[in-house]
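A.B. asks: So that we are looking at the same thing, I have put the structure below in structure tokens.
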Amino acid sequence: MTRQTLHDGWVLRAVPGPQVPPEIADQAVPATVPGCVHTDLLAAGLIPDPYLDDNENRLGWIGRTDWVYETTFAWQPGDDDRVDLVCAGLDTVATVILNGADIGRTENQHRGYRFAVGSLLRPGDNTLAVRFDSPYRYAEAHRERLGDRPNAYPEPFNFIRKTACNFGWDWGPTVVTAGVWQEIGLHAWSTARLASVRPLVTVADGTGRVELHVEVERVTDAPLTVHATVAGAAVEVTVPAGERTAVASLTVADPELWWPVGYGAQPLHDLAVTLRTGDGRALDGWSRRIGFRSVRLDTTPDAHGTPFVLHVNDVPVFVKGVNWIPDDAFPNRVTRQRLAERFAQALGANVNLLRIWGGGRYESDDFYQLADERGLLVQQDFLFACAAYPEEEPFRTEVEAEAREQVSRLASHPSLVLWTGNNENIWGWHDWDWQEPLAGRTWGRGYYLELLPAIVAELDPTRPYWPGSPWSGSEEIHPNDPAHGTMHIWDVWNTDDYTKYREYLPRFVAEFGYQAPPAYATLRRALSDEPLAHDSPGMAHHQKAIDGDRKLQRGLDAHLPAPADFDDWHYLTQLNQARAIQLGVEHFRAHRPVCAGTIVWQLNDCWPVTSWAAVDGDGRRKPLWYALRRAYADRLLTVQPRDGGLAVVAVNETGSAWQAPATVTRLTLAGEPRAKTSVDLDVPAYSSVVLALPAELARPDDARRELLVAEAGDSAERALWFFAEDREIDWPAAELDASVEPAGDGQRVRVTARTVLRDLTLYPDRLDPAAQVDQALVTLLPGESATFTVHADAPLDPVALTRRPVLRCVNDITGGTA
Ligand code: BMA
């Protein structure tokens with residue numbers, strides 16, 4: 001058995017057409033495989049960078065063009081029974097041509113393909129070409145044939161099995177790619193090969209079990225054996241002549257369990273499978289690292305409605321999640337290292353679950369391996385988002401094939417704990433005026449409620465399936481009902497103030513988000529606007545949400561002093577995003593266990609853009625990231641309005657009791673205490689306590705000049721409450737002392753407050769795009785100090801580090817009261 005990758009020597013040509021610019025029309029462009037047309041044209045200097053300014057607008061022709069990839073490779077015949085061309089992923093409508101002969105046509109980015117090509121190969125040089133049809137032409141033809149379907153965007157992504165957000169989204173550019181986007185190569189084999197290996201791993205009564213479903217492809221009837229080992233257990237089964245499948249079971253007594261981060265370790269075991277001939281000759285092998293854990297979803301109706309509680313190893317896990325979108329519009333740029341950085345950012349923000357949103361992709365093996373290693377739980381949506389999808393052919397067959405392949409591919413990963421049928425499509429059918437235009441046409445119901453659950457039940461009954469995000473558990477109940485199953489909260493961003501989060505008592509919030517611009521250095525890299533303004537052309541182009549700028553302004557107006565310039569606007573909008581999400585998360589967590597999880601929209605971005613992300617398109621953390629780290633900490637102290645007054649809620653999402661002396665103080669902005677209470681906090685493992693505050697604490701003498709400070713143990717667990725909005729508070733002009741000193745390979749910025757300093761934030765990327773800081777949004781009372789540690793490529797100017805626009809706080813906005 002030999003494998004030969006075919007990643008070298010590719011060139012790319014545009015099929016002539018009136019839309020193709022003359023400088024590209026006759027070019028043979030060096031092509032990267034795996035890769036895509038956009039990144040090849042960019043590398044060849046033939047197009048401007050689609051991520052900069054409004055270059056995107058001039059590149060729409062790429063998706064309307066047919067493209068041919070071609071390479072020549074050397075091959076020498078061996079004595080193998082079969083030689084296959086294996087394409088792990090083609091994007092999307094492709095004709096594969098070997099030595100001039102068509103060997104196959106594909107139309108699904110989310111599947112792999114294998115073609116037997118032995119009879120077409122010749123000794124010496126061979127030519128392989130892949131012709132990609134314009135995805136628009138394909139999708140529009142199917143739309144024409146089947147009748148249009150409602151869609152949140154004016155693009156035909158629901159008529160092609162291709163990453164939906166590639167056609168643009170409310171955070172993403174329209175860069176409709178084509179290309180050999182995953183590995184491609186020759187696979188020569190004899191007798192038989194492993195066609196698929198699907199390990200179903202369960203744990204019951206402390207015993208681990210691997211039920212191994214093996215499928216072989218064979219060219220002879222000679223007997224075969226499958227041998228498998230894991231964690232000291234071994235098994236061998238025969239695949240009798242004529243049969244293509246076998247099931248082998250491995251039992252591991254008392255395995256060390258795999259846990260989500262925060263709940264235990266992530267032991268992984270090599271599961272090795274070998275296919276042999278009857279006389280023991282090895283033919284093929286497969287191995288993965290698996291983990292022993294059980295997972296189930298508890299949705300048994302209770303007094304509040306229908307819960308949505310994920311249990312791992314029979315322990316209910318409070319989900320502290322973030323939604324994940326493709327980390328780059330060009331997937332070949334998303335390296336394992338980049339994923340590892342993003343995962344480190346998720347873990348650093350105390351996240352324990354990533355939901356892979358249905359407008360993206362079935363994530364890569366690298367993604368899932370990293371999630372397995374780090375203990376990040378994964379929810380994978382099937383790839384349907386924000387549109388009605390046709391169920392007619394060829395789509396039904398494609399969807400079924402894709403789902404079977406992906407459920408099987410991902411079965412080995414302990415991190416994967418939940419499959420979901422789609423993003424917002426059942427909700428869309430209910431609420432987005434779809435039913436009339438659909439006029440009875442298919443819209444995807446059969447996928448979400450019949451086909452996909454049947455496939456998961458057949459191929460991977462170890463994992464729960466939930467028909468949609470959101471979904472209430474029943475067609476009789478509105479899919480976004482807060483009391484039942486999962487919900488998405490979007491009225492806050494779209495129409496209401498973020499304090500409205502407090503009006504919801506959801507069982508599980510699978511999406512809620514609030515926008516802010518990316519880091520300043522990110523804007524400066526991407527935009528040549530001079531000066532930058534909230535509505536300058538580049539800023540406007542890199543804001544894709546309907547009315548986004550106005551919604552940001554609405555949020556500012558409700559809470560914060562008016563920005564005097566772009567620097568103020570940038571800081572305040574970022575601050576408001578952080579405040580909004582922190583308020584939401586703390587409110588929802590304070591209602592555990594009725595609420596069993598929150599998944600913030602969204603962790604990451606795919607290019608430089610104003611969006612709901614916590615980490616921007618250049619990988620820089622926005623202030624939201626720091627707020628999330630606090631709001632998602634295992635131990636959370638928060639002040640919440642309750643029953644017309646105030647309460648301190650202590651949430652303990654750890655396995656041991658949280659016992660600490662706690663104080664709650666009402667004090668003036670000048671730091672003079674007005675009332676104080678002390679209690680001994682005792683929060684059992686995985687629970688919360690609510691301490692109603694007496695009126696002398698909950699009621700200010702002067703709402704514009706006071707705050708509450710709740711502290712437990714050391715001040716790391718500190719919660720603040722202001723009695724008025726920042727724009728109404730009588731802030732003293734910010735006064736502080738600051739010093740900067742070298743610290744290892746960075747600098748330490750020490751700030752001592754002479755007045756209260758509200759949400760002190762340091763933006764070192766203003767001075768060096770590579771600079772990072774370890775904390776943000778620190779509120780100091782007079783006399784208190786904070787130390788920020790900054791890392792940059794070279795030491796930064798100490799004076800600039802302690803001044804505007806680098807060092808900011810709310811009460812420096814107008815130098816005083818608003
Ligand atoms: C939800 C998501 C995305 C979208 C986001 C922000 O609907 O599922 O489709 O990007 O809201 O509007």
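Residues are named by chain letter and number: chains run A, B, ... in the order of the structure tokens, numbers start at 1 in each chain, and ligands are numbered from 1 in the order shown.
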Near A:Pro805, counting only C-alpha atoms, which residues have an atom at most 9 Å away, once you skip same-chain residues fewer than 6 positions from it, shown as a PDB file with all heavy atoms, in the first residue's frame?

C.D. replies:
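out30.pdb, written as the output of this step:
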```pdb
ATOM      1  N   ASP A 567     -11.308  58.062  18.979  1.00  0.00           N
ATOM      2  CA  ASP A 567     -10.680  57.283  20.054  1.00  0.00           C
ATOM      3  C   ASP A 567     -11.670  56.991  21.169  1.00  0.00           C
ATOM      4  O   ASP A 567     -11.726  55.876  21.697  1.00  0.00           O
ATOM      5  CB  ASP A 567      -9.460  58.040  20.603  1.00  0.00           C
ATOM      6  CG  ASP A 567      -8.329  58.107  19.581  1.00  0.00           C
ATOM      7  OD1 ASP A 567      -8.303  57.262  18.660  1.00  0.00           O
ATOM      8  OD2 ASP A 567      -7.487  59.016  19.699  1.00  0.00           O
ATOM      9  N   ASP A 568     -12.445  58.000  21.541  1.00  0.00           N
ATOM     10  CA  ASP A 568     -13.495  57.789  22.542  1.00  0.00           C
ATOM     11  C   ASP A 568     -14.508  56.751  22.050  1.00  0.00           C
ATOM     12  O   ASP A 568     -14.903  55.836  22.783  1.00  0.00           O
ATOM     13  CB  ASP A 568     -14.280  59.092  22.803  1.00  0.00           C
ATOM     14  CG  ASP A 568     -13.512  60.074  23.675  1.00  0.00           C
ATOM     15  OD1 ASP A 568     -12.397  59.744  24.128  1.00  0.00           O
ATOM     16  OD2 ASP A 568     -14.043  61.190  23.886  1.00  0.00           O
ATOM     17  N   TYR A 571     -13.112  53.179  22.166  1.00  0.00           N
ATOM     18  CA  TYR A 571     -13.043  52.656  23.540  1.00  0.00           C
ATOM     19  C   TYR A 571     -14.453  52.396  24.085  1.00  0.00           C
ATOM     20  O   TYR A 571     -14.726  51.326  24.653  1.00  0.00           O
ATOM     21  CB  TYR A 571     -12.285  53.660  24.415  1.00  0.00           C
ATOM     22  CG  TYR A 571     -12.447  53.442  25.906  1.00  0.00           C
ATOM     23  CD1 TYR A 571     -12.042  52.249  26.506  1.00  0.00           C
ATOM     24  CD2 TYR A 571     -13.001  54.432  26.714  1.00  0.00           C
ATOM     25  CE1 TYR A 571     -12.191  52.052  27.875  1.00  0.00           C
ATOM     26  CE2 TYR A 571     -13.147  54.238  28.082  1.00  0.00           C
ATOM     27  CZ  TYR A 571     -12.755  53.046  28.664  1.00  0.00           C
ATOM     28  OH  TYR A 571     -12.906  52.848  30.010  1.00  0.00           O
ATOM     29  N   LEU A 762      -5.905  49.476  28.924  1.00  0.00           N
ATOM     30  CA  LEU A 762      -4.643  49.864  28.295  1.00  0.00           C
ATOM     31  C   LEU A 762      -4.614  49.276  26.889  1.00  0.00           C
ATOM     32  O   LEU A 762      -4.840  48.084  26.720  1.00  0.00           O
ATOM     33  CB  LEU A 762      -3.508  49.301  29.151  1.00  0.00           C
ATOM     34  CG  LEU A 762      -2.102  49.808  28.899  1.00  0.00           C
ATOM     35  CD1 LEU A 762      -1.956  51.209  29.471  1.00  0.00           C
ATOM     36  CD2 LEU A 762      -1.096  48.878  29.560  1.00  0.00           C
ATOM     37  N   TYR A 763      -4.342  50.118  25.914  1.00  0.00           N
ATOM     38  CA  TYR A 763      -4.338  49.672  24.515  1.00  0.00           C
ATOM     39  C   TYR A 763      -2.924  49.753  23.924  1.00  0.00           C
ATOM     40  O   TYR A 763      -2.633  50.643  23.120  1.00  0.00           O
ATOM     41  CB  TYR A 763      -5.265  50.551  23.687  1.00  0.00           C
ATOM     42  CG  TYR A 763      -6.747  50.327  23.914  1.00  0.00           C
ATOM     43  CD1 TYR A 763      -7.530  51.283  24.550  1.00  0.00           C
ATOM     44  CD2 TYR A 763      -7.375  49.173  23.442  1.00  0.00           C
ATOM     45  CE1 TYR A 763      -8.901  51.098  24.722  1.00  0.00           C
ATOM     46  CE2 TYR A 763      -8.744  48.982  23.616  1.00  0.00           C
ATOM     47  CZ  TYR A 763      -9.495  49.943  24.252  1.00  0.00           C
ATOM     48  OH  TYR A 763     -10.842  49.756  24.408  1.00  0.00           O
ATOM     49  N   ARG A 766      -1.922  50.352  20.187  1.00  0.00           N
ATOM     50  CA  ARG A 766      -1.833  51.704  19.620  1.00  0.00           C
ATOM     51  C   ARG A 766      -0.381  52.078  19.329  1.00  0.00           C
ATOM     52  O   ARG A 766      -0.115  52.944  18.505  1.00  0.00           O
ATOM     53  CB  ARG A 766      -2.394  52.719  20.626  1.00  0.00           C
ATOM     54  CG  ARG A 766      -3.878  52.592  20.857  1.00  0.00           C
ATOM     55  CD  ARG A 766      -4.572  53.492  19.898  1.00  0.00           C
ATOM     56  NE  ARG A 766      -6.006  53.527  20.098  1.00  0.00           N
ATOM     57  CZ  ARG A 766      -6.782  54.428  19.488  1.00  0.00           C
ATOM     58  NH1 ARG A 766      -6.266  55.354  18.708  1.00  0.00           N
ATOM     59  NH2 ARG A 766      -8.074  54.392  19.672  1.00  0.00           N
TER      60      ARG A 766
END
```

A.B. asks: Quick one: residues within 7 Å of A:Asn166, only C-alpha atoms, excluding same-chain residues fewer than 4 positions away - as a ChimeraX atom specification?

C.D. replies: /A:174-176,329

A.B. asks: Filtering to C-alpha atoms, could you give me those residues as a CSV table (one decimal), in the first residue's frame?

C.D. replies:
```csv
chain,number,residue,atom,x,y,z
A,174,THR,CA,-18.4,37.8,0.1
A,175,VAL,CA,-15.5,35.8,-1.3
A,176,VAL,CA,-16.9,32.9,-3.2
A,329,ALA,CA,-12.7,33.1,4.9
```

A.B. asks: Using 12 Å as the limit and counting only C-alpha atoms, can you tabulate each residue of stretch 159-213 of chain A that touches stretch 283-291 of chain A, with its shortest atom-to-atom distance in Å and the two atoms involved, as a Markdown table?

C.D. replies:
```
| residue | atom | partner | partner_atom | distance |
| --- | --- | --- | --- | --- |
| A:His187 | CA | A:Asp284 | CA | 11.2 |
| A:Ala188 | CA | A:Asp284 | CA | 11.0 |
| A:Trp189 | CA | A:Leu283 | CA | 7.9 |
| A:Ser190 | CA | A:Leu283 | CA | 7.5 |
| A:Thr191 | CA | A:Leu283 | CA | 7.7 |
| A:Ala192 | CA | A:Leu283 | CA | 6.8 |
| A:Arg193 | CA | A:Asp284 | CA | 5.6 |
| A:Leu194 | CA | A:Asp284 | CA | 6.3 |
| A:Ala195 | CA | A:Asp284 | CA | 9.8 |
| A:Ser196 | CA | A:Trp286 | CA | 9.1 |
| A:Val197 | CA | A:Trp286 | CA | 7.7 |
| A:Arg198 | CA | A:Arg288 | CA | 10.4 |
| A:Pro199 | CA | A:Ile290 | CA | 8.7 |
| A:Leu200 | CA | A:Ile290 | CA | 9.8 |
| A:Val201 | CA | A:Gly291 | CA | 7.8 |
| A:Thr202 | CA | A:Gly291 | CA | 9.4 |
| A:Val203 | CA | A:Gly291 | CA | 10.0 |
| A:Gly208 | CA | A:Gly291 | CA | 9.4 |
| A:Arg209 | CA | A:Gly291 | CA | 10.6 |
| A:Val210 | CA | A:Ile290 | CA | 9.4 |
| A:Leu212 | CA | A:Trp286 | CA | 11.8 |
```

A.B. asks: Which residues form the shell of 8 Å around ligand 1 when you count only C-alpha atoms and all ligand atoms, given as a PyMOL selection string?

C.D. replies: chain A and resi 169-171+357-359+385-386+423-424+488+490+511-513+545+601+612

A.B. asks: Give me, as a PyMOL selection string, the residues of stretch 38-264 of chain A that a backbone DSSP run labels strand (DSSP E).

C.D. replies: chain A and resi 67-75+82-87+93-98+101-107+113-116+124-132+167-169+172-174+184-189+192-204+207-218+224-230+233-239+245-253

A.B. asks: List as a PyMOL selection string the protein and nucleic acid residues near A:Cys595, meaning an atom at most 9 Å away when only C-alpha atoms are counted, but skip any in the same chain fewer than 6 places from it.

C.D. replies: chain A and resi 307-309+318+505-509+588-589
